[in-house]
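Quick look at start.cif (mmCIF, C-alpha atoms and all ligand atoms):
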```
data_entry
#
loop_
_atom_site.label_atom_id
_atom_site.label_comp_id
_atom_site.auth_asym_id
_atom_site.auth_seq_id
_atom_site.Cartn_x
_atom_site.Cartn_y
_atom_site.Cartn_z
CA MET A 126 0.00 0.00 0.00
CA ARG A 127 1.00 3.69 -0.30
CA ALA A 128 2.04 5.29 2.95
CA ILE A 129 3.90 8.30 4.34
CA VAL A 130 6.96 7.03 6.18
CA ILE A 131 9.05 9.03 8.67
CA TYR A 132 12.71 7.99 8.63
CA GLU A 133 14.04 10.50 11.17
CA THR A 134 12.70 13.51 13.03
CA GLY A 135 13.21 16.92 11.40
CA GLY A 136 11.56 19.26 8.87
CA PRO A 137 8.51 18.30 6.80
CA GLU A 138 10.81 16.71 4.19
CA VAL A 139 11.43 13.71 6.50
CA LEU A 140 7.91 12.54 5.57
CA LYS A 141 8.27 10.46 2.39
CA LEU A 142 5.76 8.62 0.21
CA ASP A 143 6.65 4.92 0.09
CA GLU A 144 5.29 1.43 -0.65
CA VAL A 145 4.92 -0.68 2.50
CA PRO A 146 3.21 -4.04 3.23
CA ASP A 147 -0.53 -3.90 4.04
CA PRO A 148 -1.04 -4.10 7.83
CA LYS A 149 -2.50 -7.23 9.41
CA PRO A 150 -4.72 -7.04 12.50
CA ASP A 151 -3.36 -8.42 15.79
CA ALA A 152 -5.80 -9.97 18.23
CA GLY A 153 -8.26 -7.29 19.37
CA GLN A 154 -7.55 -5.05 16.37
CA VAL A 155 -9.30 -4.06 13.14
CA VAL A 156 -7.90 -2.92 9.81
CA VAL A 157 -9.44 0.27 8.40
CA ARG A 158 -9.32 1.36 4.75
CA THR A 159 -8.71 5.05 5.25
CA GLU A 160 -10.86 7.69 3.54
CA ALA A 161 -9.70 10.78 5.43
CA ILE A 162 -6.53 11.17 7.50
CA GLY A 163 -6.26 13.98 10.07
CA VAL A 164 -3.14 16.15 10.36
CA SER A 165 -2.65 18.48 13.35
CA TYR A 166 -0.13 20.87 14.87
CA THR A 167 0.66 18.28 17.53
CA GLU A 168 1.76 15.81 14.85
CA ALA A 169 4.00 18.44 13.26
CA ALA A 170 5.63 19.04 16.66
CA LEU A 171 6.23 15.29 17.08
CA ARG A 172 7.67 15.02 13.54
CA ALA A 173 10.06 17.88 14.36
CA GLY A 174 11.35 15.99 17.40
CA GLY A 175 9.70 18.21 20.02
CA PHE A 176 8.50 15.14 21.93
CA PRO A 177 9.54 11.46 21.90
CA LEU A 178 7.85 9.47 19.12
CA PRO A 179 5.88 6.42 20.31
CA ALA A 180 7.48 4.06 17.73
CA GLN A 181 10.84 2.95 16.34
CA LEU A 182 11.79 4.66 13.05
CA PRO A 183 11.30 4.25 10.17
CA ALA A 184 7.54 4.00 10.66
CA VAL A 185 4.32 4.98 8.92
CA PHE A 186 3.45 8.37 10.47
CA GLY A 187 0.08 9.60 11.79
CA PHE A 188 -2.34 9.18 14.67
CA GLU A 189 -5.87 9.52 13.36
CA ALA A 190 -8.01 8.58 10.41
CA ALA A 191 -11.57 7.84 9.35
CA GLY A 192 -12.54 5.02 7.05
CA VAL A 193 -14.18 1.62 6.68
CA VAL A 194 -13.34 -1.54 8.65
CA THR A 195 -12.12 -4.18 6.19
CA GLU A 196 -10.70 -6.89 8.46
CA THR A 197 -10.99 -8.02 12.09
CA GLY A 198 -8.41 -9.74 14.30
CA ASP A 199 -8.96 -12.63 16.72
CA GLY A 200 -11.53 -11.87 19.38
CA VAL A 201 -13.15 -9.02 17.45
CA ASP A 202 -16.81 -9.08 16.35
CA LYS A 203 -16.76 -9.74 12.58
CA ALA A 204 -19.93 -7.63 12.25
CA LEU A 205 -17.66 -4.58 12.52
CA THR A 206 -16.57 -5.21 8.93
CA GLY A 207 -18.03 -2.48 6.72
CA ARG A 208 -18.65 -0.02 9.60
CA ARG A 209 -17.40 3.57 9.12
CA VAL A 210 -15.21 4.60 12.03
CA VAL A 211 -12.75 7.17 13.35
CA ILE A 212 -9.55 5.77 14.84
CA MET A 213 -7.20 7.55 17.25
CA ASN A 214 -4.00 5.59 17.75
CA THR A 215 -1.52 6.12 20.56
CA GLY A 216 1.12 4.57 18.28
CA LEU A 217 1.75 5.68 14.70
CA GLY A 218 0.46 4.29 11.39
CA THR A 219 -2.46 6.29 9.96
CA TYR A 220 -0.88 8.21 7.02
CA ALA A 221 -1.58 5.24 4.75
CA GLU A 222 -4.21 3.52 2.65
CA TYR A 223 -4.83 1.02 5.48
CA ALA A 224 -4.28 1.34 9.24
CA THR A 225 -4.86 -0.86 12.27
CA ALA A 226 -6.51 0.20 15.53
CA PRO A 227 -7.71 -1.51 18.73
CA ALA A 228 -11.36 -2.49 18.16
CA ASP A 229 -12.38 -1.06 21.53
CA THR A 230 -11.21 2.46 20.56
CA LEU A 231 -13.40 2.96 17.48
CA ALA A 232 -15.86 5.86 17.19
CA PHE A 233 -18.75 5.00 14.85
CA ILE A 234 -19.47 7.73 12.29
CA PRO A 235 -23.13 8.74 11.86
CA ASP A 236 -24.55 7.95 8.39
CA ASP A 237 -25.06 11.59 7.48
CA MET A 238 -21.50 12.69 8.35
CA SER A 239 -18.61 12.48 5.88
CA SER A 240 -15.35 10.81 6.87
CA GLN A 241 -13.61 14.16 6.38
CA GLN A 242 -15.95 15.93 8.80
CA ALA A 243 -15.72 13.05 11.27
CA VAL A 244 -11.93 12.95 11.47
CA ALA A 245 -11.76 16.74 11.64
CA VAL A 246 -14.03 16.98 14.67
CA ALA A 247 -13.97 13.70 16.60
CA ASN A 248 -10.76 13.72 18.58
CA PHE A 249 -9.99 17.41 19.14
CA GLY A 250 -13.69 18.17 19.59
CA ALA A 251 -13.70 15.52 22.30
CA VAL A 252 -10.61 17.01 23.98
CA ALA A 253 -12.32 20.42 24.02
CA LEU A 254 -15.52 18.92 25.43
CA CYS A 255 -13.62 17.11 28.21
CA LEU A 256 -11.70 20.31 29.08
CA LEU A 257 -14.91 22.32 29.29
CA ARG A 258 -16.65 19.67 31.39
CA LYS A 259 -13.70 19.59 33.78
CA ALA A 260 -13.78 23.40 34.10
CA ASN A 261 -17.33 23.06 35.48
CA LEU A 262 -18.41 26.56 34.42
CA THR A 263 -21.29 28.17 36.30
CA GLY A 264 -23.04 29.94 33.43
CA ASN A 265 -21.91 33.36 34.63
CA GLU A 266 -18.16 33.08 34.12
CA THR A 267 -15.51 34.48 31.77
CA VAL A 268 -13.09 32.11 30.06
CA LEU A 269 -9.87 32.73 28.16
CA VAL A 270 -9.09 30.44 25.20
CA GLU A 271 -5.52 30.64 23.91
CA ALA A 272 -4.76 29.89 20.24
CA ALA A 273 -8.48 30.06 19.56
CA ALA A 274 -8.15 29.33 15.84
CA GLY A 275 -6.19 26.15 16.56
CA GLY A 276 -7.23 22.52 16.63
CA VAL A 277 -8.39 22.24 20.24
CA GLY A 278 -8.73 26.01 20.77
CA GLY A 279 -11.22 26.38 17.93
CA TYR A 280 -13.54 23.74 19.39
CA LEU A 281 -13.17 25.26 22.88
CA THR A 282 -14.28 28.60 21.42
CA GLN A 283 -17.22 27.07 19.60
CA LEU A 284 -18.48 25.13 22.63
CA ALA A 285 -17.66 27.40 25.58
CA HIS A 286 -21.00 29.25 25.71
CA GLU A 287 -22.91 25.96 25.39
CA LEU A 288 -20.91 24.52 28.31
CA GLY A 289 -21.50 27.40 30.72
CA ALA A 290 -19.30 30.38 29.77
CA LYS A 291 -20.97 33.78 29.78
CA THR A 292 -18.05 35.55 28.09
CA VAL A 293 -15.40 34.01 25.84
CA ILE A 294 -12.13 35.89 25.39
CA ALA A 295 -10.01 34.38 22.64
CA THR A 296 -6.42 34.91 21.52
CA ALA A 297 -4.88 34.44 18.08
CA GLY A 298 -1.62 35.45 16.44
CA SER A 299 -2.70 36.62 12.97
CA GLN A 300 -5.46 38.81 11.57
CA ALA A 301 -6.99 35.86 9.68
CA LYS A 302 -7.08 33.77 12.85
CA ARG A 303 -8.55 36.62 14.91
CA GLU A 304 -11.33 37.04 12.35
CA TYR A 305 -11.94 33.29 12.48
CA ALA A 306 -12.09 33.29 16.30
CA ASP A 307 -14.59 36.14 16.14
CA SER A 308 -16.70 34.22 13.61
CA ILE A 309 -16.99 31.10 15.79
CA GLY A 310 -18.29 32.78 18.94
CA ALA A 311 -15.56 34.73 20.75
CA ASP A 312 -16.89 37.85 22.49
CA GLN A 313 -13.46 39.52 22.50
CA VAL A 314 -10.32 38.63 20.56
CA ILE A 315 -6.77 39.54 21.64
CA ASP A 316 -3.62 39.47 19.51
CA HIS A 317 -1.29 37.18 21.46
CA SER A 318 1.66 38.13 19.25
CA ALA A 319 1.70 41.54 21.04
CA PRO A 320 4.49 41.52 23.68
CA ASP A 321 2.22 42.26 26.66
CA TRP A 322 -1.01 40.76 25.41
CA ALA A 323 -2.03 39.59 28.89
CA GLY A 324 -1.92 43.26 29.95
CA GLN A 325 -5.07 43.83 27.87
CA LEU A 326 -7.06 41.72 30.33
CA THR A 327 -8.62 43.34 33.40
CA ASP A 328 -7.24 42.16 36.76
CA ASP A 329 -9.40 39.56 38.59
CA SER A 330 -11.70 39.17 35.56
CA VAL A 331 -11.03 35.68 34.15
CA ASP A 332 -12.57 32.61 35.82
CA ALA A 333 -10.95 29.87 33.73
CA VAL A 334 -8.00 29.84 31.34
CA PHE A 335 -7.67 27.06 28.79
CA GLU A 336 -3.89 27.01 28.89
CA SER A 337 -2.08 25.60 25.87
CA PHE A 338 0.83 28.10 25.91
CA SER A 339 2.26 27.54 29.41
CA GLY A 340 5.91 28.67 29.69
CA ASP A 341 6.14 32.25 31.01
CA SER A 342 2.60 32.95 29.82
CA THR A 343 0.90 31.25 32.78
CA GLY A 344 2.55 33.55 35.33
CA LYS A 345 1.43 36.67 33.45
CA LEU A 346 -2.16 35.48 33.63
CA LEU A 347 -2.26 34.90 37.40
CA PRO A 348 -3.28 38.50 38.33
CA LYS A 349 -6.06 38.29 35.75
CA LEU A 350 -7.72 35.27 37.38
CA THR A 351 -10.54 35.62 39.91
CA PRO A 352 -9.01 35.22 43.38
CA GLY A 353 -10.33 32.17 45.23
CA THR A 354 -12.07 30.45 42.32
CA GLY A 355 -9.91 31.10 39.23
CA ARG A 356 -8.62 27.96 37.53
CA ILE A 357 -6.03 27.13 34.91
CA MET A 358 -7.02 24.18 32.74
CA LEU A 359 -3.51 23.14 31.69
CA TYR A 360 -3.50 20.98 28.55
CA GLY A 361 -0.52 22.05 26.40
CA PHE A 362 3.07 23.31 26.50
CA LEU A 363 3.44 25.25 23.25
CA GLN A 364 5.82 27.71 24.96
CA GLY A 365 7.43 25.24 27.39
CA PRO A 366 6.47 23.92 30.84
CA PRO A 367 4.75 26.48 33.12
CA THR A 368 7.20 28.43 35.25
CA ILE A 369 4.80 29.20 38.13
CA THR A 370 5.13 27.63 41.58
CA ALA A 371 2.60 26.33 44.07
CA MET A 372 3.21 29.50 46.13
CA ASP A 373 2.06 31.66 43.20
CA LEU A 374 -1.24 29.77 43.15
CA LEU A 375 -1.62 29.73 46.92
CA ARG A 376 -1.23 33.50 47.24
CA ARG A 377 -4.34 34.06 45.12
CA GLY A 378 -6.24 30.86 45.94
CA LEU A 379 -6.07 29.64 42.36
CA THR A 380 -6.29 26.07 41.06
CA LEU A 381 -4.16 24.48 38.37
CA VAL A 382 -5.95 21.51 36.80
CA GLY A 383 -3.76 19.10 34.83
CA CYS A 384 -5.68 17.83 31.80
CA GLY A 385 -3.80 15.26 29.77
CA GLY A 386 -1.53 12.64 31.20
CA MET A 387 -3.61 11.39 34.10
CA PRO A 388 -5.15 7.89 34.10
CA GLY A 389 -8.52 7.81 32.42
CA TRP A 390 -8.11 11.06 30.41
CA LEU A 391 -7.69 9.28 27.06
CA ASP A 392 -10.63 6.96 27.81
CA ARG A 393 -12.76 9.98 28.65
CA VAL A 394 -11.74 11.70 25.40
CA MET A 395 -12.51 8.59 23.35
CA ALA A 396 -15.93 8.22 24.98
CA ALA A 397 -16.72 11.92 24.36
CA ARG A 398 -16.38 11.49 20.57
CA HIS A 399 -19.95 10.15 20.41
CA ASP A 400 -21.22 13.29 22.21
CA VAL A 401 -19.20 15.38 19.74
CA PHE A 402 -21.01 13.76 16.79
CA GLN A 403 -24.34 14.63 18.46
CA LEU A 404 -23.23 18.24 18.97
CA VAL A 405 -22.45 18.42 15.24
CA ALA A 406 -25.84 16.89 14.38
CA SER A 407 -27.64 19.41 16.60
CA GLY A 408 -25.79 22.35 15.02
CA HIS A 409 -23.77 23.29 18.13
CA LEU A 410 -20.42 22.35 16.63
CA THR A 411 -18.97 22.72 13.12
CA PRO A 412 -15.99 20.63 11.98
CA GLN A 413 -12.98 22.89 11.27
CA ILE A 414 -11.25 21.85 8.03
CA ASP A 415 -8.35 23.99 6.86
CA SER A 416 -7.77 22.15 3.60
CA ILE A 417 -7.93 18.74 1.93
CA LEU A 418 -4.77 17.43 0.26
CA PRO A 419 -3.73 14.15 -1.39
CA LEU A 420 -1.75 11.75 0.84
CA GLU A 421 1.49 12.45 -1.03
CA GLU A 422 1.31 16.11 0.10
CA ALA A 423 1.71 15.25 3.80
CA ALA A 424 4.88 17.35 3.98
CA SER A 425 2.97 20.41 2.66
CA ALA A 426 0.32 19.84 5.31
CA HIS A 427 3.01 19.85 8.02
CA GLN A 428 4.53 22.97 6.49
CA ARG A 429 1.24 24.79 7.07
CA PHE A 430 1.40 23.92 10.76
CA ASP A 431 5.10 24.82 11.01
CA THR A 432 4.33 28.27 9.57
CA ARG A 433 1.20 28.61 11.77
CA THR A 434 -1.02 29.24 8.75
CA ALA A 435 -3.47 26.34 9.18
CA ILE A 436 -6.87 27.06 10.72
CA GLY A 437 -8.37 23.76 11.86
CA LYS A 438 -7.40 20.31 10.72
CA ILE A 439 -5.78 19.39 7.41
CA ILE A 440 -7.20 16.26 5.83
CA LEU A 441 -5.14 13.91 3.65
CA THR A 442 -7.00 11.69 1.19
CA PRO A 443 -5.31 8.42 0.19
N1 LIG B 501 -4.08 17.36 26.78
C1 LIG B 501 -4.59 16.85 25.68
O1 LIG B 501 -5.38 15.90 25.70
C2 LIG B 501 -4.20 17.44 24.35
C3 LIG B 501 -4.80 16.99 23.16
C4 LIG B 501 -4.44 17.61 21.96
C5 LIG B 501 -3.49 18.62 21.95
N2 LIG B 501 -2.90 18.99 23.13
C6 LIG B 501 -1.91 20.07 23.18
O2 LIG B 501 -2.64 21.27 22.95
C7 LIG B 501 -1.81 22.21 22.32
C8 LIG B 501 -2.51 22.73 21.08
O3 LIG B 501 -2.59 21.66 20.13
P1 LIG B 501 -3.35 21.89 18.75
O4 LIG B 501 -3.09 20.68 17.93
O5 LIG B 501 -4.75 22.29 19.02
O6 LIG B 501 -2.50 23.08 18.15
P2 LIG B 501 -3.00 24.35 17.33
O7 LIG B 501 -3.69 25.25 18.28
O8 LIG B 501 -3.71 23.90 16.12
O9 LIG B 501 -1.62 24.99 16.89
C9 LIG B 501 -0.83 25.69 17.78
C10 LIG B 501 -1.12 27.20 17.67
O10 LIG B 501 -0.69 27.80 18.89
C11 LIG B 501 -0.19 29.09 18.60
N3 LIG B 501 1.13 29.21 19.25
C12 LIG B 501 1.41 30.07 20.25
N4 LIG B 501 2.67 29.92 20.66
C13 LIG B 501 3.21 28.97 19.90
C14 LIG B 501 4.51 28.38 19.85
N5 LIG B 501 5.49 28.76 20.67
N6 LIG B 501 4.73 27.42 18.94
C15 LIG B 501 3.75 27.04 18.10
N7 LIG B 501 2.51 27.54 18.11
C16 LIG B 501 2.23 28.51 19.00
C17 LIG B 501 -0.13 29.23 17.09
O11 LIG B 501 -1.29 29.98 16.74
P3 LIG B 501 -1.16 31.51 16.29
O12 LIG B 501 -0.81 31.51 14.84
O13 LIG B 501 -2.53 32.04 16.58
O14 LIG B 501 -0.06 32.12 17.12
C18 LIG B 501 -0.31 27.82 16.57
O15 LIG B 501 -0.97 27.76 15.35
C19 LIG B 501 -0.48 21.50 22.05
O16 LIG B 501 0.44 21.83 23.08
C20 LIG B 501 -0.84 20.05 22.11
O17 LIG B 501 0.24 19.24 22.46
C21 LIG B 501 -3.24 18.43 24.32
#
```
Please express the file's structure as structure tokens.
Amino acid sequence: MRAIVIYETGGPEVLKLDEVPDPKPDAGQVVVRTEAIGVSYTEAALRAGGFPLPAQLPAVFGFEAAGVVTETGDGVDKALTGRRVVIMNTGLGTYAEYATAPADTLAFIPDDMSSQQAVAVANFGAVALCLLRKANLTGNETVLVEAAAGGVGGYLTQLAHELGAKTVIATAGSQAKREYADSIGADQVIDHSAPDWAGQLTDDSVDAVFESFSGDSTGKLLPKLTPGTGRIMLYGFLQGPPTITAMDLLRRGLTLVGCGGMPGWLDRVMAARHDVFQLVASGHLTPQIDSILPLEEAASAHQRFDTRTAIGKIILTP
């Protein structure tokens, strides 16, 4: 089959189109004929070597795809064959015509949703939904969404009012992204490329921050959070690990909520994908698709994330 193989970490050019053997399902797995393959900023960061890759190289790259189950391994219900599903792998292997996935991690795509829409919204929509549920908003609170035109940030912005935010303040680094954030429900949009962007926020005015920047950014936001009840929903490290200490939180009675590595988080995200499909069906959520490219243009897709030009997910078609 045709696949995009990563031979070493580095620039987008390390992703190369190749011929590799078709995958076979292990016990408990299915094989999916891919129809739409999701590409995200997070994958570009992994390709660049920003985080350890969960596989030996060379390997077929990619974490998510939507398609049709064509084969089942031992112990898997054969009736799954022919079902349209989204897969989210913790290992690699989805930038290809066929991919394997554990049968108990499949999200079943509604009949009236395309594979492209499904892979665009399922996993990052579910992350956003889990973050908002964990923030437990009261209905009268102000939230700050960083990188609001991004993969997770865009879905946070779209869903925040529905999940209990009264006011949504969004940040984005380019004019096009700020206009996009405005169009999907932000009440106020801040340019986070400005050196003191946090200074534009009123002290004690933000109840929950959806923190994907971290680094020095978190500390600058502390005076902006409501003393006593303000919370930082920490889910990304785009600017490095947060530099704040427990004393910084204690002084203002703030809470830092880790949202990512803890046991059960991934299971919760996977389960939330079905709720995400319902939110799309009811018109509360729109899949964000930046562009659709042929599989062989995987490197171009990564380039768009490296240059921060993508808004939403890029879809590769095999
Ligand atoms: N905890 C979880 O379950 C989970 C799940 C998925 C992703 N994540 C994490 O969430 C974060 C966002 O992921 P995503 O895929 O949704 O990304 P994304 O928002 O689509 O892309 C990152 C955006 O962040 C902005 N940015 C600000 N500082 C940056 C920097 N130093 N380097 C690169 N970009 C920067 C850029 O937007 P502008 O052009 O507007 O500046 C960029 O486009 C990542 O840290 C990722 O690892 C966590």
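The list of residues with at least one atom within 10 Å of segment 318-323 of chain A, based on all atoms listed in the file and without residues fewer than 5 positions apart in the same chain, reads Thr296, Ala297, Gly298, Ser299, Asp328, Ser342, Thr343, Gly344, Lys345, Leu346, Leu347, Pro348 and Lys349 of chain A.
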Could I get the residue neighbourhood of ligand LIG 501 (chain B) at 8 Å, counting only C-alpha atoms and all ligand atoms, as a ChimeraX atom specification? /A:165-168,170,249,252,271-279,296-299,302-303,317-318,337-338,359-365,384-386,390-391,394,430-438
Preceding selection exported with C-alpha atoms as a PDB file, in the frame of the given file:
```pdb
ATOM      1  CA  SER A 165      -2.650  18.480  13.350  1.00  0.00           C
ATOM      2  CA  TYR A 166      -0.130  20.870  14.870  1.00  0.00           C
ATOM      3  CA  THR A 167       0.660  18.280  17.530  1.00  0.00           C
ATOM      4  CA  GLU A 168       1.760  15.810  14.850  1.00  0.00           C
ATOM      5  CA  ALA A 170       5.630  19.040  16.660  1.00  0.00           C
ATOM      6  CA  PHE A 249      -9.990  17.410  19.140  1.00  0.00           C
ATOM      7  CA  VAL A 252     -10.610  17.010  23.980  1.00  0.00           C
ATOM      8  CA  GLU A 271      -5.520  30.640  23.910  1.00  0.00           C
ATOM      9  CA  ALA A 272      -4.760  29.890  20.240  1.00  0.00           C
ATOM     10  CA  ALA A 273      -8.480  30.060  19.560  1.00  0.00           C
ATOM     11  CA  ALA A 274      -8.150  29.330  15.840  1.00  0.00           C
ATOM     12  CA  GLY A 275      -6.190  26.150  16.560  1.00  0.00           C
ATOM     13  CA  GLY A 276      -7.230  22.520  16.630  1.00  0.00           C
ATOM     14  CA  VAL A 277      -8.390  22.240  20.240  1.00  0.00           C
ATOM     15  CA  GLY A 278      -8.730  26.010  20.770  1.00  0.00           C
ATOM     16  CA  GLY A 279     -11.220  26.380  17.930  1.00  0.00           C
ATOM     17  CA  THR A 296      -6.420  34.910  21.520  1.00  0.00           C
ATOM     18  CA  ALA A 297      -4.880  34.440  18.080  1.00  0.00           C
ATOM     19  CA  GLY A 298      -1.620  35.450  16.440  1.00  0.00           C
ATOM     20  CA  SER A 299      -2.700  36.620  12.970  1.00  0.00           C
ATOM     21  CA  LYS A 302      -7.080  33.770  12.850  1.00  0.00           C
ATOM     22  CA  ARG A 303      -8.550  36.620  14.910  1.00  0.00           C
ATOM     23  CA  HIS A 317      -1.290  37.180  21.460  1.00  0.00           C
ATOM     24  CA  SER A 318       1.660  38.130  19.250  1.00  0.00           C
ATOM     25  CA  SER A 337      -2.080  25.600  25.870  1.00  0.00           C
ATOM     26  CA  PHE A 338       0.830  28.100  25.910  1.00  0.00           C
ATOM     27  CA  LEU A 359      -3.510  23.140  31.690  1.00  0.00           C
ATOM     28  CA  TYR A 360      -3.500  20.980  28.550  1.00  0.00           C
ATOM     29  CA  GLY A 361      -0.520  22.050  26.400  1.00  0.00           C
ATOM     30  CA  PHE A 362       3.070  23.310  26.500  1.00  0.00           C
ATOM     31  CA  LEU A 363       3.440  25.250  23.250  1.00  0.00           C
ATOM     32  CA  GLN A 364       5.820  27.710  24.960  1.00  0.00           C
ATOM     33  CA  GLY A 365       7.430  25.240  27.390  1.00  0.00           C
ATOM     34  CA  CYS A 384      -5.680  17.830  31.800  1.00  0.00           C
ATOM     35  CA  GLY A 385      -3.800  15.260  29.770  1.00  0.00           C
ATOM     36  CA  GLY A 386      -1.530  12.640  31.200  1.00  0.00           C
ATOM     37  CA  TRP A 390      -8.110  11.060  30.410  1.00  0.00           C
ATOM     38  CA  LEU A 391      -7.690   9.280  27.060  1.00  0.00           C
ATOM     39  CA  VAL A 394     -11.740  11.700  25.400  1.00  0.00           C
ATOM     40  CA  PHE A 430       1.400  23.920  10.760  1.00  0.00           C
ATOM     41  CA  ASP A 431       5.100  24.820  11.010  1.00  0.00           C
ATOM     42  CA  THR A 432       4.330  28.270   9.570  1.00  0.00           C
ATOM     43  CA  ARG A 433       1.200  28.610  11.770  1.00  0.00           C
ATOM     44  CA  THR A 434      -1.020  29.240   8.750  1.00  0.00           C
ATOM     45  CA  ALA A 435      -3.470  26.340   9.180  1.00  0.00           C
ATOM     46  CA  ILE A 436      -6.870  27.060  10.720  1.00  0.00           C
ATOM     47  CA  GLY A 437      -8.370  23.760  11.860  1.00  0.00           C
ATOM     48  CA  LYS A 438      -7.400  20.310  10.720  1.00  0.00           C
TER      49      LYS A 438
END
```
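Across the model, the gap from atom CA of Ala221 of chain A to atom CA of Met126 of chain A is 7.2 Å.
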Using all atoms listed in the file, which protein or nucleic acid residues come within 7 Å of Ile357 of chain A? Drop anything in the same chain fewer than 3 positions from it, and give the result as a list in words. Ala333, Val334, Phe335, Glu336, Thr380, Leu381 and Val382 of chain A
At a cut-off of 8 Å, using all atoms listed in the file, what residues contact Gln241 of chain A? Leave out same-chain residues fewer than 6 positions from it and give the result as a PDB file with C-alpha atoms, in the frame of the given file.
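New file part34.pdb:
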```
ATOM      1  CA  GLU A 160     -10.860   7.690   3.540  1.00  0.00           C
ATOM      2  CA  ALA A 161      -9.700  10.780   5.430  1.00  0.00           C
ATOM      3  CA  ILE A 162      -6.530  11.170   7.500  1.00  0.00           C
ATOM      4  CA  ALA A 191     -11.570   7.840   9.350  1.00  0.00           C
ATOM      5  CA  ILE A 440      -7.200  16.260   5.830  1.00  0.00           C
TER       6      ILE A 440
END
```
Expected axis-aligned box over every listed atom of segment 287-302 of chain A, 5 Å added per side, centre plus edges in Å to one decimal, as lines of an AutoDock Vina configuration file:
```
center_x = -12.3
center_y = 31.7
center_z = 20.2
size_x = 31.3
size_y = 24.3
size_z = 31.0
```
Polymer residues at most 7 Å from segment 148-154 of chain A, all atoms listed in the file, same-chain spacing of 6 or more positions, as a ChimeraX atom specification: /A:197-201,223-228
One-decimal distance in Å that lies between atom CA of Asp332 of chain A and atom CA of Asp373 of chain A: 16.4 Å
Could you check which of A:Ala423, A:Val246, A:Leu350, A:Leu256 is closest to Ile234 of chain A, using only C-alpha atoms? A:Val246
Mind checking which residues fall within 7 Å of Thr351 of chain A, counting all atoms listed in the file, ignoring those fewer than 4 positions away in the same chain, and posting them as JSON, numbers by chain? {"A": [329, 330, 331, 332, 355]}
Keeping only C-alpha atoms, write those residues as a short mmCIF file (atom, residue, chain, number, x, y, z; two decimals), keeping the file's coordinate frame.
```
data_model
loop_
_atom_site.label_atom_id
_atom_site.label_comp_id
_atom_site.auth_asym_id
_atom_site.auth_seq_id
_atom_site.Cartn_x
_atom_site.Cartn_y
_atom_site.Cartn_z
CA ASP A 329 -9.40 39.56 38.59
CA SER A 330 -11.70 39.17 35.56
CA VAL A 331 -11.03 35.68 34.15
CA ASP A 332 -12.57 32.61 35.82
CA GLY A 355 -9.91 31.10 39.23
#
```
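Here atom CA of Tyr132 of chain A stands at a distance of 20.2 Å from atom CA of Pro419 of chain A.
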From the options A:Pro366, A:Asp202, A:Asp307, A:Leu441, which residue's atoms come nearest to Ser425 of chain A, counting only C-alpha atoms? A:Leu441
